[in-house]
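Q: The structure that follows is given in the form of structure tokens.
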2 protein chains.
Amino acid sequence: MNLLKSIKDGQIPPRIKKLALCEQIEESELADKILSGHIVVPANNCRKNTILPVGIGAGLSTKINANIGTSTDINELDLELEKLKVATDAGADTIMDLSTGGHISKIRQQILKQCNVPLGTVPIYQVTVLAKQTTGSLIGYTKEDIFKVITEQAKEGVDFITVHCGVNRQTLQALIEQKRVMDVVSRGASFTIGWMIENDAENPLFNDFEQLLEIAKLYDVTLSLGDGMRPGCLADATDRPQIEELSVLGQLVKQAQEYGVQVMVEGPGHVPLNQIEANVKLQKSLCHNAPFYVLGPLVTDIAPGYDHITSAIGGALAASYGADYLCYVTPKEHLGLPGVQDVQDGVIASKIAAHAADIVKQVPGAWHKDKEMAKARKDLNWQKQIELSIDPKTTKKAYLDKKPAEEDACTMCGQYCAMKLVSDYLGDKITCH
Amino acid sequence: MNLLKSIKDGQIPPRIKKLALCEQIEESELADKILSGHIVVPANNCRKNTILPVGIGAGLSTKINANIGTSTDINELDLELEKLKVATDAGADTIMDLSTGGHISKIRQQILKQCNVPLGTVPIYQVTVLAKQTTGSLIGYTKEDIFKVITEQAKEGVDFITVHCGVNRQTLQALIEQKRVMDVVSRGASFTIGWMIENDAENPLFNDFEQLLEIAKLYDVTLSLGDGMRPGCLADATDRPQIEELSVLGQLVKQAQEYGVQVMVEGPGHVPLNQIEANVKLQKSLCHNAPFYVLGPLVTDIAPGYDHITSAIGGALAASYGADYLCYVTPKEHLGLPGVQDVQDGVIASKIAAHAADIVKQVPGAWHKDKEMAKARKDLNWQKQIELSIDPKTTKKAYLDKKPAEEDACTMCGQYCAMKLVSDYLGDKITCH
């Protein structure tokens, strides 16, 4: 079963009908947008457990992804499973397992089992981990190894994969000529570049793109075309290597869409506030309106420890201009592997960014939540405010921690509550509800 | 001594020369912009201790303010002094004392003594606290009481005051007709409206604006024209009461500037992402380019506990469009009086927003910091990264908490560090430094 084929054959699967209902969009409109490639619904047809249908793209609510996974330094399956639970409980729409430490196949299989949302991976990580184990070199792998790992992960049920197909001889040349401050910060791209130079060969994921499409189509794996040339600092943003890669990705998007494979495109990274709109519009234009999955963007480089905030600023802006999918960034970004609390903080910050954008994207239902919260505040109805919060637990704790003397007020204003005072003098005369 | 008079007389005081140096702007340009009212430098001529010169307005770095102060529920001088220290240590450019609990004159005098940056207040709070004590009613005060308190605070050395002069019969009528979801959320405005209705009289701060100007000029107090009609939720943003008040404030700005009083204008509040630009441009246009001091803006209503993030999003955007001064919002906003950690978190979030905007405003030196950080990252120079951080303590702690096995890498990537790998294969060939 392949989603695009089903829809082409006039079959709208039940999960797509369910999705249309959740997103308050017409079934036929959703189906049309999936067919045209403006929306993807990642779901591997080998997935053993049922996952929530998640749609990413034009007209839908902005989605957020949380990265989890081991590293060579910190490698505990239970910790990753805890992060998985915290992330999905907090509202992550998808999870990516980026494990590079321990037995990563086993870790992924356990995560897949417990993950009830679409799961993504970056297969080149496993390729390099295996190469390191067998040859001692991160890039001691062959072209066949790449496709073998991708096939293995597809068979296991991985729903979407990041593939750095745009790192090719052309964009590598642009990179070399550019003289960037930070050259390459994408791990997948760094492996690929190392391999290309060592083997004096073109990137197999670019050169043999059709082989990738075959696997993706067979297992209904959604491709997420990685932005290996993404800027790692503001100074490198929106430069030639980045934009040439985006143009290459645009051509691959078209090829994938024509082949019948769902595809989205990844984007930066570190971008000054005033370049975000251009980045989004360029992606939409060059990439045939494929969904845009941004990693941040971070609007300053100088706030390690707070990059969930710098990326919430950039993410809100990007999504408001049309980005469809935000990869969360945790407070530990640039500092180390995130812990459980970091995952929670990262998801909430991303959800705030996504929601702030959904309000101005006029996503059905988004405005309504804010208006209900406003009414609950006006009514000094704390129970309702807690329920309507993006993170009810935190709201409840913060409120109860400092229970005010006057039960309906709060400890900030106490007796000097504007809401109460104005109601006393103007009563219901001035409010609309 | 009055700053505007000195400059008019051809005298540029030493603190203005120092400020020009800090801001990397020509002395004469700074003086011109102060004269034209596009920049204010709040500093009361009765201030007993020396304060850092802080300029707010066009062409300068975006400034941030931290609110501290007691409430009826939580009233400890030491706690407020600790917040003062934490806020200024973290980089707050100004402080506002919003105390409403305890002996607020004494509290203010202690804060003034220890505060080495401009200090602002909202005198109407003291007026209502006194009224409550003497008459039992928050609004049991007279017109004379208002000017008495303002004079008292001016004599003590308060550098700038928020005065809700734009809450008048015209804007109150607009408010009543508007049928807002949340009517008024400004405490100052709520007192004023209560008083106006109870006394069937015009707001003295509007009606007798010249009396206010006299005091302000005498003590060189900068006026911050409060936005009493600011929206308290997205649904009320950019509506008629808000914009009519802004128009009234624009007229008062002109009057103040002509009188020789430094003046700035406060702005919202809760504003959807896509209305922020219009709000900033409208303020600049209606208010004769007086500095714009925004309270947020918060881009969603549903994230209590995280409103430092929602306001960092709005603040970054507002400042990038030309807002000059951001009032911090802490995670406790809408929930209670902020604690010490909340103050720290609020200041840092605001500083991130201000800096992200300064980069695109092309404030001298702003870009440089990010580029230095990028180089430090490329060089895997952790000591330098810590030093360059917006909050070095947090960066250091996060890094040391999870010291990686390979000293130059981090626990996220471990052996799979893109930076190291690319350097191995491409060496210095591709980086610019």
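FYI, nothing fancy with the structure tokens labels: chains A, B, ... in order, residues from 1 per chain, ligands from 1 as they appear.
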Apply DSSP to the structure's backbone, then extract all residues of range 69-204 of chain B labelled helix (DSSP H, G or I) and return them as a PyMOL selection string.

A: chain B and resi 77-90+104-114+123-135+143-156+169-178+187-199+204

Q: What does chain B look like after a least-squares fit onto chain A on every Cα paired in order, written as a compact mmCIF listing (two decimals) with C-alpha atoms, in the first residue's frame?

A:
```txt
# COMPACT_ATOMS: atom_id res chain seq x y z
CA MET B 1 0.01 -0.01 0.00
CA ASN B 2 1.22 3.43 -0.96
CA LEU B 3 -0.74 6.52 0.07
CA LEU B 4 -0.26 8.42 -3.18
CA LYS B 5 -1.28 5.39 -5.21
CA SER B 6 -4.40 4.82 -3.10
CA ILE B 7 -5.52 8.40 -3.56
CA LYS B 8 -4.76 8.30 -7.27
CA ASP B 9 -6.91 5.17 -7.44
CA GLY B 10 -9.73 7.12 -5.81
CA GLN B 11 -9.35 5.52 -2.38
CA ILE B 12 -9.09 7.86 0.61
CA PRO B 13 -7.80 5.70 3.49
CA PRO B 14 -9.61 6.00 6.85
CA ARG B 15 -6.59 7.62 8.51
CA ILE B 16 -6.72 10.43 5.95
CA LYS B 17 -10.42 10.90 6.64
CA LYS B 18 -9.61 11.07 10.35
CA LEU B 19 -6.85 13.57 9.65
CA ALA B 20 -9.20 15.79 7.63
CA LEU B 21 -11.57 15.82 10.58
CA CYS B 22 -8.81 16.75 13.06
CA GLU B 23 -7.53 19.52 10.84
CA GLN B 24 -11.02 20.81 9.98
CA ILE B 25 -10.31 20.55 6.27
CA GLU B 26 -12.37 18.90 3.52
CA GLU B 27 -11.32 15.31 2.73
CA SER B 28 -11.10 16.08 -0.97
CA GLU B 29 -8.97 19.16 -0.40
CA LEU B 30 -6.63 17.18 1.81
CA ALA B 31 -6.40 14.40 -0.78
CA ASP B 32 -5.70 16.91 -3.55
CA LYS B 33 -2.95 18.57 -1.56
CA ILE B 34 -1.33 15.21 -0.77
CA LEU B 35 -1.44 14.33 -4.47
CA SER B 36 0.07 17.66 -5.52
CA GLY B 37 2.83 17.23 -2.92
CA HIS B 38 1.87 20.29 -0.88
CA ILE B 39 1.08 18.03 2.09
CA VAL B 40 2.80 14.87 3.29
CA VAL B 41 1.43 12.30 5.74
CA PRO B 42 4.42 10.21 6.79
CA ALA B 43 3.49 6.62 7.63
CA ASN B 44 5.52 3.58 6.64
CA ASN B 45 3.37 0.70 5.36
CA CYS B 46 5.50 -1.75 7.39
CA ARG B 47 4.87 0.06 10.68
CA LYS B 48 3.70 -2.64 13.10
CA ASN B 49 1.90 -0.41 15.59
CA THR B 50 -0.80 2.13 14.79
CA ILE B 51 0.33 5.73 14.73
CA LEU B 52 -1.63 8.95 14.82
CA PRO B 53 -2.11 10.38 11.34
CA VAL B 54 0.02 13.52 11.09
CA GLY B 55 -0.23 15.83 8.10
CA ILE B 56 2.46 18.37 7.32
CA GLY B 57 1.96 21.13 4.80
CA ALA B 58 -0.15 23.89 3.31
CA GLY B 59 -3.33 24.81 5.18
CA LEU B 60 -2.68 22.48 8.11
CA SER B 61 -1.60 23.39 11.61
CA THR B 62 2.14 23.81 11.99
CA LYS B 63 3.72 20.60 13.24
CA ILE B 64 6.69 20.16 15.51
CA ASN B 65 9.33 17.47 15.74
CA ALA B 66 11.41 16.43 18.74
CA ASN B 67 14.82 14.83 18.27
CA ILE B 68 15.87 12.15 20.72
CA GLY B 69 18.59 9.49 20.61
CA THR B 70 21.81 8.33 22.20
CA SER B 71 25.31 9.66 21.60
CA THR B 72 28.70 8.04 22.07
CA ASP B 73 28.96 9.75 25.46
CA ILE B 74 25.44 9.19 26.74
CA ASN B 75 23.86 5.93 25.78
CA GLU B 76 20.91 4.67 27.82
CA LEU B 77 17.85 3.20 26.17
CA ASP B 78 15.59 3.95 29.13
CA LEU B 79 16.54 7.59 29.09
CA GLU B 80 15.63 7.85 25.42
CA LEU B 81 12.31 6.09 26.00
CA GLU B 82 11.58 8.56 28.77
CA LYS B 83 12.39 11.44 26.44
CA LEU B 84 10.05 9.89 23.87
CA LYS B 85 7.23 9.85 26.38
CA VAL B 86 7.88 13.36 27.64
CA ALA B 87 8.07 14.72 24.09
CA THR B 88 4.84 13.17 22.88
CA ASP B 89 3.01 13.96 26.13
CA ALA B 90 4.05 17.60 25.73
CA GLY B 91 2.69 17.62 22.20
CA ALA B 92 5.45 16.71 19.74
CA ASP B 93 3.78 15.68 16.47
CA THR B 94 6.69 13.54 15.31
CA ILE B 95 9.89 12.12 16.75
CA MET B 96 13.28 11.66 15.17
CA ASP B 97 15.68 9.08 16.56
CA LEU B 98 19.19 10.41 15.98
CA SER B 99 21.03 7.75 17.98
CA THR B 100 24.72 7.32 17.35
CA GLY B 101 25.71 5.51 20.56
CA GLY B 102 25.21 1.88 21.64
CA HIS B 103 23.39 -0.71 19.57
CA ILE B 104 21.48 1.74 17.47
CA SER B 105 19.31 -0.81 15.60
CA LYS B 106 18.01 -2.21 18.87
CA ILE B 107 17.44 1.25 20.28
CA ARG B 108 15.50 2.28 17.18
CA GLN B 109 13.38 -0.85 17.26
CA GLN B 110 12.42 -0.17 20.88
CA ILE B 111 11.61 3.45 20.13
CA LEU B 112 9.53 2.42 17.09
CA LYS B 113 7.55 0.04 19.29
CA GLN B 114 6.64 2.69 21.81
CA CYS B 115 6.23 5.64 19.46
CA ASN B 116 2.65 6.38 18.43
CA VAL B 117 3.53 9.26 16.11
CA PRO B 118 5.54 9.21 12.89
CA LEU B 119 9.19 8.37 13.52
CA GLY B 120 12.05 9.70 11.45
CA THR B 121 15.75 8.86 11.28
CA VAL B 122 18.92 9.95 9.52
CA PRO B 123 20.12 6.63 8.08
CA ILE B 124 23.59 7.93 7.26
CA TYR B 125 24.25 7.99 11.03
CA GLN B 126 23.84 4.23 11.21
CA VAL B 127 25.94 3.84 8.08
CA THR B 128 28.83 5.73 9.66
CA VAL B 129 28.48 4.01 13.04
CA LEU B 130 28.74 0.63 11.27
CA ALA B 131 31.65 1.85 9.16
CA LYS B 132 33.47 3.00 12.27
CA GLN B 133 32.91 -0.40 13.91
CA THR B 134 34.01 -2.45 10.92
CA THR B 135 36.68 -0.29 9.28
CA GLY B 136 37.72 2.10 12.04
CA SER B 137 36.81 5.04 9.83
CA LEU B 138 33.53 6.99 9.92
CA ILE B 139 33.52 7.13 6.17
CA GLY B 140 34.73 3.60 5.48
CA TYR B 141 31.41 2.67 3.90
CA THR B 142 30.31 1.85 0.36
CA LYS B 143 27.41 3.04 -1.73
CA GLU B 144 25.79 -0.35 -1.14
CA ASP B 145 26.06 0.10 2.63
CA ILE B 146 23.94 3.26 2.38
CA PHE B 147 21.08 1.62 0.52
CA LYS B 148 21.31 -1.49 2.69
CA VAL B 149 20.79 0.55 5.86
CA ILE B 150 17.98 2.58 4.30
CA THR B 151 16.22 -0.62 3.21
CA GLU B 152 16.69 -2.14 6.67
CA GLN B 153 15.19 0.90 8.37
CA ALA B 154 12.35 1.07 5.85
CA LYS B 155 11.50 -2.56 6.50
CA GLU B 156 11.42 -1.89 10.22
CA GLY B 157 8.78 0.78 9.76
CA VAL B 158 10.62 4.12 9.89
CA ASP B 159 8.14 6.68 8.58
CA PHE B 160 10.45 9.35 7.22
CA ILE B 161 14.16 9.70 6.64
CA THR B 162 16.50 12.62 6.27
CA VAL B 163 18.71 12.16 3.23
CA HIS B 164 21.35 14.72 2.29
CA CYS B 165 20.87 14.35 -1.46
CA GLY B 166 21.70 17.99 -2.17
CA VAL B 167 25.31 17.67 -1.06
CA ASN B 168 26.84 17.05 -4.45
CA ARG B 169 29.88 18.11 -6.44
CA GLN B 170 28.22 21.36 -7.49
CA THR B 171 27.23 22.48 -4.01
CA LEU B 172 30.51 21.28 -2.51
CA GLN B 173 32.36 23.45 -5.01
CA ALA B 174 30.13 26.39 -4.03
CA LEU B 175 30.97 25.68 -0.39
CA ILE B 176 34.70 25.65 -1.03
CA GLU B 177 34.53 28.91 -2.97
CA GLN B 178 32.30 30.62 -0.42
CA LYS B 179 34.83 30.75 2.45
CA ARG B 180 32.27 30.47 5.17
CA VAL B 181 32.83 31.28 8.81
CA MET B 182 31.55 27.87 9.92
CA ASP B 183 31.54 25.78 6.72
CA VAL B 184 29.38 22.70 7.42
CA VAL B 185 27.48 22.03 10.65
CA SER B 186 25.25 19.22 9.37
CA ARG B 187 26.65 15.90 10.53
CA GLY B 188 25.11 14.07 7.59
CA ALA B 189 26.71 16.50 5.19
CA SER B 190 30.07 16.26 6.90
CA PHE B 191 30.10 12.46 6.50
CA THR B 192 29.00 12.80 2.89
CA ILE B 193 31.63 15.38 2.07
CA GLY B 194 34.34 13.28 3.73
CA TRP B 195 33.21 10.26 1.73
CA MET B 196 33.05 12.18 -1.56
CA ILE B 197 36.57 13.56 -1.14
CA GLU B 198 38.05 10.27 0.06
CA ASN B 199 36.44 8.32 -2.78
CA ASP B 200 36.64 11.09 -5.38
CA ALA B 201 33.03 10.28 -6.22
CA GLU B 202 29.61 11.87 -6.44
CA ASN B 203 27.23 11.47 -3.48
CA PRO B 204 25.27 8.22 -4.11
CA LEU B 205 22.12 9.75 -2.62
CA PHE B 206 22.25 12.32 -5.41
CA ASN B 207 23.68 10.17 -8.16
CA ASP B 208 21.41 7.19 -7.54
CA PHE B 209 18.41 9.13 -6.37
CA GLU B 210 16.08 6.82 -8.27
CA GLN B 211 17.31 3.85 -6.23
CA LEU B 212 16.31 5.81 -3.13
CA LEU B 213 12.92 6.59 -4.65
CA GLU B 214 12.32 2.91 -5.32
CA ILE B 215 12.83 1.99 -1.67
CA ALA B 216 10.78 4.97 -0.47
CA LYS B 217 7.90 4.07 -2.74
CA LEU B 218 7.94 0.40 -1.81
CA TYR B 219 7.68 1.04 1.93
CA ASP B 220 5.91 4.40 1.68
CA VAL B 221 8.74 6.17 3.43
CA THR B 222 8.53 9.96 3.23
CA LEU B 223 11.76 11.61 2.16
CA SER B 224 12.96 14.63 4.06
CA LEU B 225 15.61 16.21 1.87
CA GLY B 226 18.28 17.40 4.30
CA ASP B 227 19.93 20.80 4.07
CA GLY B 228 23.52 19.76 4.47
CA MET B 229 24.68 23.20 3.46
CA ARG B 230 22.54 24.98 6.05
CA PRO B 231 24.24 27.92 7.75
CA GLY B 232 25.63 27.21 11.22
CA CYS B 233 25.79 30.89 12.08
CA LEU B 234 24.14 34.13 11.03
CA ALA B 235 27.16 35.17 9.01
CA ASP B 236 26.73 32.17 6.68
CA ALA B 237 22.96 32.54 6.20
CA THR B 238 21.32 32.66 2.79
CA ASP B 239 24.60 32.29 0.95
CA ARG B 240 25.44 30.59 -2.32
CA PRO B 241 26.05 27.03 -1.06
CA GLN B 242 22.76 27.11 0.87
CA ILE B 243 20.71 28.46 -2.01
CA GLU B 244 22.36 26.29 -4.67
CA GLU B 245 21.60 23.24 -2.53
CA LEU B 246 18.00 24.42 -2.19
CA SER B 247 17.78 24.65 -5.96
CA VAL B 248 19.15 21.11 -6.31
CA LEU B 249 16.61 19.92 -3.74
CA GLY B 250 13.84 21.58 -5.75
CA GLN B 251 14.75 19.44 -8.75
CA LEU B 252 14.81 16.30 -6.62
CA VAL B 253 11.42 17.23 -5.14
CA LYS B 254 9.95 17.29 -8.61
CA GLN B 255 11.49 13.93 -9.45
CA ALA B 256 10.18 12.38 -6.23
CA GLN B 257 6.70 13.80 -6.71
CA GLU B 258 6.58 12.47 -10.27
CA TYR B 259 7.81 9.09 -9.07
CA GLY B 260 5.03 8.92 -6.50
CA VAL B 261 7.06 9.43 -3.35
CA GLN B 262 6.09 11.83 -0.57
CA VAL B 263 8.79 14.43 -0.02
CA MET B 264 9.54 17.45 2.10
CA VAL B 265 12.50 19.80 2.34
CA GLU B 266 14.60 20.79 5.33
CA GLY B 267 15.75 24.33 5.92
CA PRO B 268 18.00 26.40 8.14
CA GLY B 269 19.43 26.77 10.75
CA HIS B 270 20.87 30.12 11.82
CA VAL B 271 19.17 33.03 10.04
CA PRO B 272 18.87 36.74 10.93
CA LEU B 273 15.27 37.82 11.57
CA ASN B 274 15.03 39.84 8.39
CA GLN B 275 16.09 36.97 6.09
CA ILE B 276 13.53 34.45 7.32
CA GLU B 277 10.72 35.52 5.03
CA ALA B 278 12.96 35.28 1.96
CA ASN B 279 14.14 31.82 3.02
CA VAL B 280 10.59 30.50 3.32
CA LYS B 281 9.36 32.07 0.09
CA LEU B 282 12.39 30.83 -1.81
CA GLN B 283 11.87 27.28 -0.58
CA LYS B 284 8.22 27.31 -1.58
CA SER B 285 9.08 28.70 -4.98
CA LEU B 286 12.09 26.51 -5.81
CA CYS B 287 10.69 23.34 -4.25
CA HIS B 288 7.26 23.22 -5.89
CA ASN B 289 5.45 24.02 -2.63
CA ALA B 290 6.71 20.89 -0.92
CA PRO B 291 6.34 21.12 2.88
CA PHE B 292 9.14 23.09 4.53
CA TYR B 293 10.74 21.63 7.66
CA VAL B 294 12.94 24.19 9.41
CA LEU B 295 15.59 23.52 12.03
CA GLY B 296 15.03 26.63 14.12
CA PRO B 297 15.80 29.05 12.66
CA LEU B 298 17.93 30.55 15.39
CA VAL B 299 17.98 34.34 15.18
CA THR B 300 21.20 34.84 17.11
CA ASP B 301 24.31 32.76 17.75
CA ILE B 302 25.15 34.11 21.20
CA ALA B 303 22.53 32.50 23.42
CA PRO B 304 23.65 28.94 24.22
CA GLY B 305 21.54 27.61 27.08
CA TYR B 306 18.54 29.48 25.68
CA ASP B 307 18.37 28.29 22.11
CA HIS B 308 14.82 27.04 22.62
CA ILE B 309 13.98 30.75 22.87
CA THR B 310 16.12 31.93 19.94
CA SER B 311 14.55 29.24 17.79
CA ALA B 312 11.02 29.96 19.04
CA ILE B 313 11.51 33.49 17.73
CA GLY B 314 12.73 32.27 14.35
CA GLY B 315 10.31 29.36 14.18
CA ALA B 316 7.27 31.52 14.88
CA LEU B 317 8.33 33.90 12.16
CA ALA B 318 9.18 31.15 9.66
CA ALA B 319 5.88 29.37 10.24
CA SER B 320 3.94 32.61 9.95
CA TYR B 321 5.50 33.04 6.50
CA GLY B 322 4.57 29.51 5.49
CA ALA B 323 7.01 27.00 6.99
CA ASP B 324 4.99 23.89 7.83
CA TYR B 325 7.05 21.96 10.31
CA LEU B 326 9.41 23.07 13.07
CA CYS B 327 12.20 20.95 14.44
CA TYR B 328 12.46 21.76 18.11
CA VAL B 329 15.65 23.09 19.58
CA THR B 330 16.38 22.45 23.24
CA PRO B 331 18.20 24.64 25.76
CA LYS B 332 21.14 22.20 25.42
CA GLU B 333 21.66 22.89 21.71
CA HIS B 334 25.35 23.70 21.07
CA LEU B 335 26.19 22.44 24.56
CA GLY B 336 25.43 18.74 24.79
CA LEU B 337 22.87 15.98 24.54
CA PRO B 338 19.49 17.16 25.88
CA GLY B 339 18.11 15.67 29.07
CA VAL B 340 14.47 14.98 29.87
CA GLN B 341 13.71 18.52 31.10
CA ASP B 342 15.42 19.97 28.02
CA VAL B 343 13.15 17.87 25.81
CA GLN B 344 10.08 19.17 27.65
CA ASP B 345 11.28 22.79 27.40
CA GLY B 346 12.13 22.39 23.74
CA VAL B 347 8.75 20.94 22.81
CA ILE B 348 6.82 23.64 24.66
CA ALA B 349 8.87 26.45 23.11
CA SER B 350 8.27 24.99 19.65
CA LYS B 351 4.57 24.56 20.31
CA ILE B 352 4.34 28.22 21.31
CA ALA B 353 6.06 29.22 18.07
CA ALA B 354 3.81 26.95 16.01
CA HIS B 355 0.66 28.20 17.69
CA ALA B 356 1.61 31.88 17.40
CA ALA B 357 2.04 31.27 13.68
CA ASP B 358 -1.14 29.22 13.32
CA ILE B 359 -3.10 32.19 14.66
CA VAL B 360 -1.91 34.37 11.81
CA LYS B 361 -2.03 31.52 9.27
CA GLN B 362 -5.71 31.33 10.19
CA VAL B 363 -5.47 27.63 10.95
CA PRO B 364 -8.99 26.52 11.95
CA GLY B 365 -9.44 26.60 15.73
CA ALA B 366 -6.19 28.41 16.54
CA TRP B 367 -7.77 31.83 17.32
CA HIS B 368 -10.50 30.20 19.34
CA LYS B 369 -8.14 28.91 22.02
CA ASP B 370 -6.73 32.35 22.68
CA LYS B 371 -10.16 33.91 22.91
CA GLU B 372 -11.31 31.29 25.39
CA MET B 373 -8.21 31.97 27.49
CA ALA B 374 -8.92 35.71 27.36
CA LYS B 375 -12.46 35.11 28.62
CA ALA B 376 -11.20 32.85 31.40
CA ARG B 377 -8.78 35.59 32.45
CA LYS B 378 -11.47 38.24 32.39
CA ASP B 379 -13.64 36.00 34.53
CA LEU B 380 -10.70 35.31 36.88
CA ASN B 381 -11.51 31.63 36.31
CA TRP B 382 -8.25 29.97 37.26
CA GLN B 383 -9.40 26.40 36.69
CA LYS B 384 -10.27 27.23 33.11
CA GLN B 385 -6.99 29.10 32.59
CA ILE B 386 -5.11 26.02 33.72
CA GLU B 387 -7.06 23.76 31.37
CA LEU B 388 -6.56 26.04 28.37
CA SER B 389 -2.82 26.41 28.92
CA ILE B 390 -0.26 25.07 26.50
CA ASP B 391 1.25 23.31 29.55
CA PRO B 392 -1.45 22.91 32.21
CA LYS B 393 0.90 21.30 34.75
CA THR B 394 3.24 24.28 34.78
CA THR B 395 0.38 26.76 34.99
CA LYS B 396 -1.17 24.90 37.90
CA LYS B 397 2.11 24.62 39.76
CA ALA B 398 2.98 28.29 39.29
CA TYR B 399 -0.47 29.36 40.43
CA LEU B 400 -0.60 27.07 43.45
CA ASP B 401 2.97 27.88 44.50
CA LYS B 402 1.88 31.39 45.32
CA LYS B 403 -1.74 31.16 46.20
CA PRO B 404 -2.97 34.72 46.65
CA ALA B 405 -4.79 36.08 49.67
CA GLU B 406 -7.81 36.96 47.54
CA GLU B 407 -8.70 33.76 45.78
CA ASP B 408 -9.81 35.22 42.49
CA ALA B 409 -6.85 37.60 42.12
CA CYS B 410 -3.17 36.74 41.74
CA THR B 411 -0.13 37.65 43.82
CA MET B 412 1.04 40.20 41.28
CA CYS B 413 -1.85 42.61 41.59
CA GLY B 414 -3.51 41.42 44.79
CA GLN B 415 -6.13 44.04 45.72
CA TYR B 416 -5.10 46.15 42.74
CA CYS B 417 -6.53 43.92 40.04
CA ALA B 418 -7.47 45.94 36.95
CA MET B 419 -9.97 43.32 35.87
CA LYS B 420 -11.87 43.50 39.13
CA LEU B 421 -11.78 47.27 39.38
CA VAL B 422 -13.02 47.92 35.88
CA SER B 423 -15.78 45.37 36.29
CA ASP B 424 -16.83 47.15 39.49
CA TYR B 425 -17.19 50.47 37.72
CA LEU B 426 -18.24 49.55 34.23
CA GLY B 427 -19.84 46.18 34.91
CA ASP B 428 -20.91 44.20 31.91
CA LYS B 429 -21.41 47.39 29.96
CA ILE B 430 -18.09 47.11 28.21
CA THR B 431 -17.26 43.47 27.67
CA CYS B 432 -18.51 41.39 24.80
CA HIS B 433 -19.29 38.14 26.61
```
